[in-house]
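Undergrad: File model.cif follows (mmCIF, C-alpha atoms):
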```cif
data_coords
#
loop_
_atom_site.group_PDB
_atom_site.id
_atom_site.type_symbol
_atom_site.label_atom_id
_atom_site.label_comp_id
_atom_site.auth_asym_id
_atom_site.auth_seq_id
_atom_site.Cartn_x
_atom_site.Cartn_y
_atom_site.Cartn_z
ATOM 1 C CA MET X 1 0.000 0.000 0.000
ATOM 2 C CA ALA X 2 1.417 3.376 -1.007
ATOM 3 C CA THR X 3 2.372 5.758 1.797
ATOM 4 C CA SER X 4 0.979 9.259 2.144
ATOM 5 C CA SER X 5 4.321 10.820 1.150
ATOM 6 C CA SER X 6 4.531 8.766 -2.042
ATOM 7 C CA VAL X 7 0.942 9.674 -2.866
ATOM 8 C CA GLN X 8 1.720 13.360 -2.316
ATOM 9 C CA HIS X 9 4.839 13.075 -4.480
ATOM 10 C CA THR X 10 2.851 11.476 -7.303
ATOM 11 C CA GLN X 11 0.093 14.057 -7.013
ATOM 12 C CA SER X 12 2.643 16.863 -6.966
ATOM 13 C CA MET X 13 4.399 15.671 -10.116
ATOM 14 C CA GLU X 14 1.093 15.244 -11.937
ATOM 15 C CA LEU X 15 0.079 18.793 -11.040
ATOM 16 C CA LEU X 16 3.494 20.177 -11.999
ATOM 17 C CA VAL X 17 3.317 18.520 -15.411
ATOM 18 C CA ARG X 18 -0.214 19.817 -15.868
ATOM 19 C CA TYR X 19 0.785 23.325 -14.854
ATOM 20 C CA GLN X 20 3.719 23.343 -17.264
ATOM 21 C CA GLN X 21 1.290 22.478 -20.048
ATOM 22 C CA THR X 22 -1.633 24.736 -19.116
ATOM 23 C CA HIS X 23 -0.302 27.445 -16.722
ATOM 24 C CA SER X 24 -3.665 27.238 -15.022
ATOM 25 C CA VAL X 25 -4.025 29.449 -11.944
ATOM 26 C CA HIS X 26 -6.254 26.806 -10.373
ATOM 27 C CA THR X 27 -3.536 24.166 -10.788
ATOM 28 C CA ARG X 28 -0.930 26.518 -9.387
ATOM 29 C CA ASN X 29 -3.099 27.161 -6.323
ATOM 30 C CA GLN X 30 -3.443 23.420 -5.827
ATOM 31 C CA LEU X 31 0.340 23.108 -5.849
ATOM 32 C CA VAL X 32 0.690 25.935 -3.334
ATOM 33 C CA ARG X 33 -1.741 24.257 -0.954
ATOM 34 C CA LEU X 34 -0.002 20.920 -1.414
ATOM 35 C CA HIS X 35 3.384 22.375 -0.413
ATOM 36 C CA GLN X 36 2.290 24.617 2.461
ATOM 37 C CA GLY X 37 4.277 22.457 4.863
ATOM 38 C CA LEU X 38 7.477 23.179 2.959
ATOM 39 C CA VAL X 39 6.993 26.928 3.304
ATOM 40 C CA ARG X 40 6.148 26.637 7.000
ATOM 41 C CA LYS X 41 9.221 24.525 7.676
ATOM 42 C CA VAL X 42 11.575 27.074 6.091
ATOM 43 C CA ALA X 43 9.745 29.974 7.771
ATOM 44 C CA HIS X 44 10.091 28.305 11.167
ATOM 45 C CA ARG X 45 13.834 27.779 10.682
ATOM 46 C CA ILE X 46 14.478 31.389 9.643
ATOM 47 C CA HIS X 47 12.125 32.749 12.328
ATOM 48 C CA GLN X 48 14.423 31.228 14.949
ATOM 49 C CA GLN X 49 17.292 33.349 13.581
ATOM 50 C CA CYS X 50 15.577 36.745 13.422
ATOM 51 C CA ARG X 51 12.890 38.887 15.071
ATOM 52 C CA GLU X 52 10.479 39.123 12.150
ATOM 53 C CA PRO X 53 6.984 37.719 12.811
ATOM 54 C CA TYR X 54 6.597 34.121 11.684
ATOM 55 C CA GLU X 55 3.376 34.968 9.813
ATOM 56 C CA ASP X 56 5.169 37.579 7.677
ATOM 57 C CA LEU X 57 7.938 35.154 6.768
ATOM 58 C CA GLU X 58 5.381 32.512 5.848
ATOM 59 C CA GLN X 59 3.493 34.866 3.530
ATOM 60 C CA ILE X 60 6.725 35.925 1.817
ATOM 61 C CA GLY X 61 7.713 32.273 1.500
ATOM 62 C CA TYR X 62 4.652 31.591 -0.636
ATOM 63 C CA LEU X 63 6.008 34.049 -3.203
ATOM 64 C CA GLY X 64 9.163 31.955 -3.394
ATOM 65 C CA LEU X 65 7.077 28.805 -3.744
ATOM 66 C CA ILE X 66 5.161 30.317 -6.660
ATOM 67 C CA ARG X 67 8.441 31.292 -8.337
ATOM 68 C CA ALA X 68 9.646 27.725 -7.956
ATOM 69 C CA ILE X 69 6.418 26.351 -9.453
ATOM 70 C CA GLU X 70 6.785 28.714 -12.413
ATOM 71 C CA ARG X 71 10.369 27.640 -13.123
ATOM 72 C CA PHE X 72 10.361 23.935 -12.277
ATOM 73 C CA ASP X 73 10.893 21.496 -15.131
ATOM 74 C CA PRO X 74 9.395 18.068 -14.275
ATOM 75 C CA THR X 75 11.568 16.372 -16.917
ATOM 76 C CA THR X 76 14.827 17.011 -15.041
ATOM 77 C CA GLY X 77 14.144 14.275 -12.492
ATOM 78 C CA CYS X 78 14.954 16.561 -9.584
ATOM 79 C CA ALA X 79 12.641 16.432 -6.553
ATOM 80 C CA PHE X 80 10.461 19.542 -6.451
ATOM 81 C CA SER X 81 11.028 20.052 -2.722
ATOM 82 C CA SER X 82 14.805 20.256 -3.255
ATOM 83 C CA PHE X 83 14.249 22.670 -6.118
ATOM 84 C CA ALA X 84 11.760 24.867 -4.255
ATOM 85 C CA VAL X 85 13.551 25.339 -0.925
ATOM 86 C CA PRO X 86 16.234 27.742 -2.276
ATOM 87 C CA TYR X 87 13.510 29.898 -3.855
ATOM 88 C CA ILE X 88 11.440 29.969 -0.664
ATOM 89 C CA ARG X 89 14.421 30.674 1.534
ATOM 90 C CA GLY X 90 15.823 33.250 -0.887
ATOM 91 C CA GLU X 91 12.570 35.200 -0.941
ATOM 92 C CA MET X 92 12.539 35.366 2.846
ATOM 93 C CA LEU X 93 16.164 36.489 3.041
ATOM 94 C CA HIS X 94 15.541 39.196 0.438
ATOM 95 C CA TYR X 95 12.616 40.362 2.536
ATOM 96 C CA LEU X 96 14.767 40.506 5.666
ATOM 97 C CA ARG X 97 17.476 42.405 3.815
ATOM 98 C CA ASP X 98 14.988 44.963 2.489
ATOM 99 C CA ARG X 99 13.466 45.351 5.958
ATOM 100 C CA GLY X 100 16.820 46.142 7.514
ATOM 101 C CA HIS X 101 17.217 49.602 8.995
ATOM 102 C CA THR X 102 20.222 51.604 10.057
ATOM 103 C CA VAL X 103 20.837 51.853 13.780
ATOM 104 C CA LYS X 104 19.073 54.860 15.309
ATOM 105 C CA ILE X 105 21.082 57.237 17.481
ATOM 106 C CA PRO X 106 19.777 59.804 19.988
ATOM 107 C CA ARG X 107 18.547 63.100 18.510
ATOM 108 C CA ARG X 108 20.920 64.992 20.833
ATOM 109 C CA TRP X 109 23.920 63.262 19.290
ATOM 110 C CA ARG X 110 22.642 63.832 15.759
ATOM 111 C CA GLU X 111 22.272 67.539 16.540
ATOM 112 C CA LEU X 112 25.725 67.571 18.113
ATOM 113 C CA GLN X 113 27.221 66.074 14.967
ATOM 114 C CA ARG X 114 25.451 68.632 12.790
ATOM 115 C CA ARG X 115 26.760 71.529 14.926
ATOM 116 C CA GLY X 116 30.198 69.946 15.125
ATOM 117 C CA GLN X 117 30.458 69.752 11.344
ATOM 118 C CA LYS X 118 29.667 73.455 11.061
ATOM 119 C CA VAL X 119 32.211 74.337 13.749
ATOM 120 C CA SER X 120 34.862 72.194 12.071
ATOM 121 C CA ASN X 121 34.291 73.828 8.693
ATOM 122 C CA SER X 122 34.317 77.309 10.228
ATOM 123 C CA LEU X 123 37.570 76.753 12.141
ATOM 124 C CA ALA X 124 39.182 75.116 9.105
ATOM 125 C CA ALA X 125 38.275 78.122 6.945
ATOM 126 C CA LYS X 126 39.836 80.539 9.469
ATOM 127 C CA ARG X 127 43.002 78.550 10.230
ATOM 128 C CA GLY X 128 43.611 76.675 7.012
ATOM 129 C CA TRP X 129 43.581 73.217 8.667
ATOM 130 C CA ARG X 130 41.065 70.932 10.338
ATOM 131 C CA PRO X 131 40.690 71.256 14.126
ATOM 132 C CA ASN X 132 41.170 68.208 16.326
ATOM 133 C CA ASP X 133 38.446 66.603 18.455
ATOM 134 C CA GLU X 134 39.391 68.527 21.603
ATOM 135 C CA GLU X 135 39.132 71.861 19.833
ATOM 136 C CA ILE X 136 35.738 71.008 18.366
ATOM 137 C CA ALA X 137 34.445 69.818 21.753
ATOM 138 C CA ASN X 138 35.614 73.085 23.400
ATOM 139 C CA ALA X 139 33.918 75.153 20.704
ATOM 140 C CA LEU X 140 30.690 73.195 21.221
ATOM 141 C CA GLY X 141 30.862 73.468 24.999
ATOM 142 C CA VAL X 142 30.771 69.695 25.569
ATOM 143 C CA SER X 143 33.250 67.200 26.985
ATOM 144 C CA LEU X 144 35.740 65.477 24.712
ATOM 145 C CA SER X 145 34.297 62.052 25.583
ATOM 146 C CA GLU X 146 30.759 63.101 24.643
ATOM 147 C CA TRP X 147 31.886 64.464 21.292
ATOM 148 C CA GLN X 148 33.834 61.293 20.501
ATOM 149 C CA GLU X 149 30.910 59.071 21.555
ATOM 150 C CA SER X 150 28.588 60.960 19.232
ATOM 151 C CA GLN X 151 31.100 60.466 16.405
ATOM 152 C CA LEU X 152 31.377 56.756 17.091
ATOM 153 C CA ALA X 153 27.595 56.346 17.197
ATOM 154 C CA THR X 154 27.242 58.129 13.857
ATOM 155 C CA GLN X 155 29.840 55.880 12.256
ATOM 156 C CA ASN X 156 28.248 52.707 13.648
ATOM 157 C CA CYS X 157 24.761 53.600 12.448
ATOM 158 C CA MET X 158 25.820 53.159 8.838
ATOM 159 C CA PRO X 159 25.294 49.640 7.441
ATOM 160 C CA LEU X 160 28.378 47.706 6.395
ATOM 161 C CA SER X 161 28.139 45.569 3.280
ATOM 162 C CA LEU X 162 28.544 41.853 3.873
ATOM 163 C CA ASP X 163 30.733 41.841 0.762
ATOM 164 C CA ALA X 164 33.166 44.299 2.306
ATOM 165 C CA ALA X 165 36.709 42.893 2.196
ATOM 166 C CA ILE X 166 38.234 42.221 5.616
ATOM 167 C CA THR X 167 41.565 40.801 4.462
ATOM 168 C CA GLN X 168 43.208 40.458 1.070
ATOM 169 C CA GLN X 169 45.529 37.581 0.273
ATOM 170 C CA ASP X 170 46.818 37.141 -3.275
ATOM 171 C CA ASP X 171 43.717 37.158 -5.498
ATOM 172 C CA SER X 172 41.373 35.990 -2.769
ATOM 173 C CA ALA X 173 39.606 38.355 -0.380
ATOM 174 C CA THR X 174 37.944 37.402 2.902
ATOM 175 C CA THR X 175 34.652 39.242 3.257
ATOM 176 C CA LEU X 176 32.545 40.043 6.287
ATOM 177 C CA LYS X 177 30.019 37.499 5.062
ATOM 178 C CA ASP X 178 32.667 34.756 5.206
ATOM 179 C CA ILE X 179 33.363 35.243 8.901
ATOM 180 C CA LEU X 180 29.757 35.914 9.964
ATOM 181 C CA LEU X 181 28.103 33.022 8.125
ATOM 182 C CA ASP X 182 26.155 30.978 10.642
ATOM 183 C CA GLU X 183 27.531 27.440 10.934
ATOM 184 C CA LYS X 184 24.061 25.891 11.122
ATOM 185 C CA GLU X 185 22.979 27.789 8.022
ATOM 186 C CA GLN X 186 26.111 26.708 6.192
ATOM 187 C CA ASN X 187 25.478 23.067 7.111
ATOM 188 C CA TRP X 188 21.854 23.372 6.015
ATOM 189 C CA GLN X 189 22.913 24.742 2.620
ATOM 190 C CA GLN X 190 25.337 21.877 2.190
ATOM 191 C CA ILE X 191 22.601 19.354 3.026
ATOM 192 C CA GLN X 192 20.303 20.913 0.423
ATOM 193 C CA GLU X 193 23.028 20.732 -2.226
ATOM 194 C CA GLU X 194 23.708 17.096 -1.386
ATOM 195 C CA ARG X 195 20.013 16.267 -1.587
ATOM 196 C CA GLN X 196 19.775 17.815 -5.029
ATOM 197 C CA ALA X 197 22.808 15.841 -6.208
ATOM 198 C CA LEU X 198 21.297 12.663 -4.778
ATOM 199 C CA ALA X 199 17.961 13.310 -6.507
ATOM 200 C CA VAL X 200 19.690 13.734 -9.867
ATOM 201 C CA ALA X 201 21.782 10.600 -9.295
ATOM 202 C CA LEU X 202 18.724 8.523 -8.350
ATOM 203 C CA ASN X 203 17.041 9.500 -11.598
ATOM 204 C CA ARG X 204 19.925 7.929 -13.531
ATOM 205 C CA LEU X 205 19.447 4.483 -11.965
ATOM 206 C CA GLU X 206 17.447 1.625 -13.402
ATOM 207 C CA ASP X 207 13.786 1.783 -12.410
ATOM 208 C CA LYS X 208 13.943 -1.307 -10.199
ATOM 209 C CA SER X 209 17.078 -0.153 -8.398
ATOM 210 C CA ARG X 210 15.689 3.324 -7.832
ATOM 211 C CA GLU X 211 12.390 1.928 -6.573
ATOM 212 C CA ALA X 212 14.174 -0.300 -4.069
ATOM 213 C CA ILE X 213 16.258 2.565 -2.667
ATOM 214 C CA GLU X 214 13.340 4.995 -2.451
ATOM 215 C CA LEU X 215 11.033 2.548 -0.699
ATOM 216 C CA VAL X 216 13.619 1.358 1.823
ATOM 217 C CA PHE X 217 15.479 4.590 2.594
ATOM 218 C CA TYR X 218 12.920 7.280 1.779
ATOM 219 C CA GLN X 219 9.693 5.546 2.756
ATOM 220 C CA GLN X 220 11.331 3.696 5.679
ATOM 221 C CA LEU X 221 9.831 0.328 4.717
ATOM 222 C CA SER X 222 11.490 -2.961 5.635
ATOM 223 C CA ARG X 223 12.920 -5.135 2.888
ATOM 224 C CA LYS X 224 10.218 -7.725 3.491
ATOM 225 C CA GLN X 225 7.514 -5.072 3.147
ATOM 226 C CA VAL X 226 9.028 -3.794 -0.073
ATOM 227 C CA ALA X 227 9.379 -7.320 -1.466
ATOM 228 C CA LYS X 228 5.725 -8.027 -0.762
ATOM 229 C CA LEU X 229 4.696 -4.648 -2.180
ATOM 230 C CA VAL X 230 6.420 -5.151 -5.551
ATOM 231 C CA GLY X 231 5.775 -8.922 -5.729
ATOM 232 C CA VAL X 232 9.272 -10.389 -5.449
ATOM 233 C CA SER X 233 11.107 -12.486 -2.888
ATOM 234 C CA PRO X 234 13.057 -10.830 -0.045
ATOM 235 C CA MET X 235 16.271 -12.221 -1.522
ATOM 236 C CA THR X 236 15.538 -10.596 -4.886
ATOM 237 C CA MET X 237 14.745 -7.318 -3.175
ATOM 238 C CA THR X 238 18.045 -7.490 -1.262
ATOM 239 C CA ARG X 239 19.952 -8.009 -4.522
ATOM 240 C CA ARG X 240 18.124 -5.074 -6.143
ATOM 241 C CA LEU X 241 18.922 -2.878 -3.176
ATOM 242 C CA GLN X 242 22.600 -3.824 -3.164
ATOM 243 C CA LYS X 243 22.818 -3.267 -6.906
ATOM 244 C CA GLY X 244 21.087 0.102 -6.564
ATOM 245 C CA ILE X 245 23.453 1.279 -3.832
ATOM 246 C CA LEU X 246 26.457 0.271 -5.935
ATOM 247 C CA GLU X 247 25.070 2.067 -8.999
ATOM 248 C CA LEU X 248 24.248 5.149 -6.944
ATOM 249 C CA THR X 249 27.765 5.238 -5.485
ATOM 250 C CA ASN X 250 29.294 5.017 -8.955
ATOM 251 C CA VAL X 251 27.062 7.791 -10.305
ATOM 252 C CA LEU X 252 27.879 10.113 -7.405
ATOM 253 C CA GLN X 253 31.602 9.421 -7.642
ATOM 254 C CA SER X 254 31.635 10.063 -11.385
ATOM 255 C CA ALA X 255 29.745 13.364 -11.063
ATOM 256 C CA PRO X 256 31.907 16.430 -11.887
ATOM 257 C CA GLU X 257 33.072 18.479 -8.942
ATOM 258 C CA SER X 258 31.553 21.866 -8.302
ATOM 259 C CA PRO X 259 33.795 24.896 -8.922
ATOM 260 C CA GLU X 260 34.035 25.392 -5.139
ATOM 261 C CA ALA X 261 35.221 21.819 -4.610
ATOM 262 C CA GLN X 262 37.754 22.092 -7.430
ATOM 263 C CA ALA X 263 39.075 25.338 -6.009
ATOM 264 C CA SER X 264 39.485 23.866 -2.522
ATOM 265 C CA GLY X 265 41.212 20.858 -3.972
#
```
Is it possible to give me this structure as structure tokens?
TA:
Amino acid sequence: MATSSSVQHTQSMELLVRYQQTHSVHTRNQLVRLHQGLVRKVAHRIHQQCREPYEDLEQIGYLGLIRAIERFDPTTGCAFSSFAVPYIRGEMLHYLRDRGHTVKIPRRWRELQRRGQKVSNSLAAKRGWRPNDEEIANALGVSLSEWQESQLATQNCMPLSLDAAITQQDDSATTLKDILLDEKEQNWQQIQEERQALAVALNRLEDKSREAIELVFYQQLSRKQVAKLVGVSPMTMTRRLQKGILELTNVLQSAPESPEAQASG
């Protein structure tokens, strides 16, 4: 008996093929409803890493899901969930980036900076050189520490690009993004990439080998259950599974390395 996940997968692929042929809004809405759980899962993960309301992230995630539906090609053999997650996640991260604000500083310090700039320009015009911090503070009638704190706050309120170079070594630069990248997020991205590679590799196997692997490892059925389901003996199913694992290993090992892997090697 087919499991609920396999039924959903079959239904999803049928709808995706239909949508590619018809571009029906009704079919697209069916696909959105069918993959609500995918959006909620990504929204929950990102919600744990920021302060944005979960409901807002979920709504934005549906835009990413629709983009994925529009661009997915059912003939590639890639699982739709693996294809859609980067779109859903990307839409949420774009939303968070656009929602970002500069750090607010007290009005008193903003006014102090405005007055300080005028004083600095005035003294520079009279003397021919820029005054130092102590001279500006004296002219403003404030302490040196207060003037310097207001300067520091003004500098820190400006956003720093994550692509800003921190160090430069030969032709390779280390950016702020490289040192701030969350380890969990990095691991999650790697898992998604591996899942996509696995989905492509599975599609290159013989039908019987692929079926054996999917039912045992994806559907979590025992070998006896799978043997009974497809109408073969447990021994035959074991041979199919072993053959499938060997084929899958060969396909993955023969796959070309990504540019990142080649560079690191």
Undergrad: Within 7 Å of Ser120 of chain X, counting all atoms listed in the file, which residues qualify if same-chain residues fewer than 2 places away don't, as a list in words?
TA: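 Once the adjacent positions are removed, what remains is Gly116, Gln117, Lys118, Ser122, Leu123, Ala124, Arg130, Pro131 and Ile136 of chain X.
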Undergrad: Return the single residue from X:Gln49, X:Leu63, X:Glu134, X:Gly141 that is closest to Leu96 of chain X, with distances computed using all atoms listed in the file.
TA: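 Going through X:Gln49, X:Leu63, X:Glu134, X:Gly141 one by one, the smallest distance to Leu96 of chain X is for X:Gln49.
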Undergrad: Using atom CA of Gly61 of chain X and atom CA of Ile88 of chain X as the two end points, give the distance in Å to one decimal.
TA: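 Result for atom CA of Gly61 of chain X versus atom CA of Ile88 of chain X: 4.9 Å, one decimal.
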Undergrad: Using all atoms listed in the file, which protein or nucleic acid residues come within 9 Å of segment 33-38 of chain X? Drop anything in the same chain fewer than 4 positions from it, and give the result as a list in words.
TA: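 These residues fall inside the cut-off: Gln8, Gln11, Ser12, Arg28, Asn29, Val42, Ala43, Tyr62, Leu65, Ser81, Ala84, Val85 and Ile88 of chain X.
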Undergrad: Quick one: everything within 9 Å of segment 241-255 of chain X, counting only C-alpha atoms, minus sequence neighbours fewer than 5 positions away in the same chain. Send it as an NGL selection string.
TA: :X and (197-198 or 201-202 or 204-206 or 208-213 or 216 or 223 or 236)
Undergrad: Take the PyMOL selection byres ((chain X and resi 78) around 8), apply it to the structure above, and return the hits as a PyMOL selection string.
TA: chain X and resi 74+76-77+79-80+82-83+196+199-200+203
Undergrad: So what do you get for atom CA of Ile66 of chain X versus atom CA of Tyr218 of chain X, distance-wise?
TA: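 Interatomic distance here is 25.7 Å.
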Undergrad: Any idea what the distance is between atom CA of Ile69 of chain X and atom CA of Leu16 of chain X?
TA: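 Atom CA of Leu16 of chain X lies at a distance of 7.3 Å from atom CA of Ile69 of chain X.
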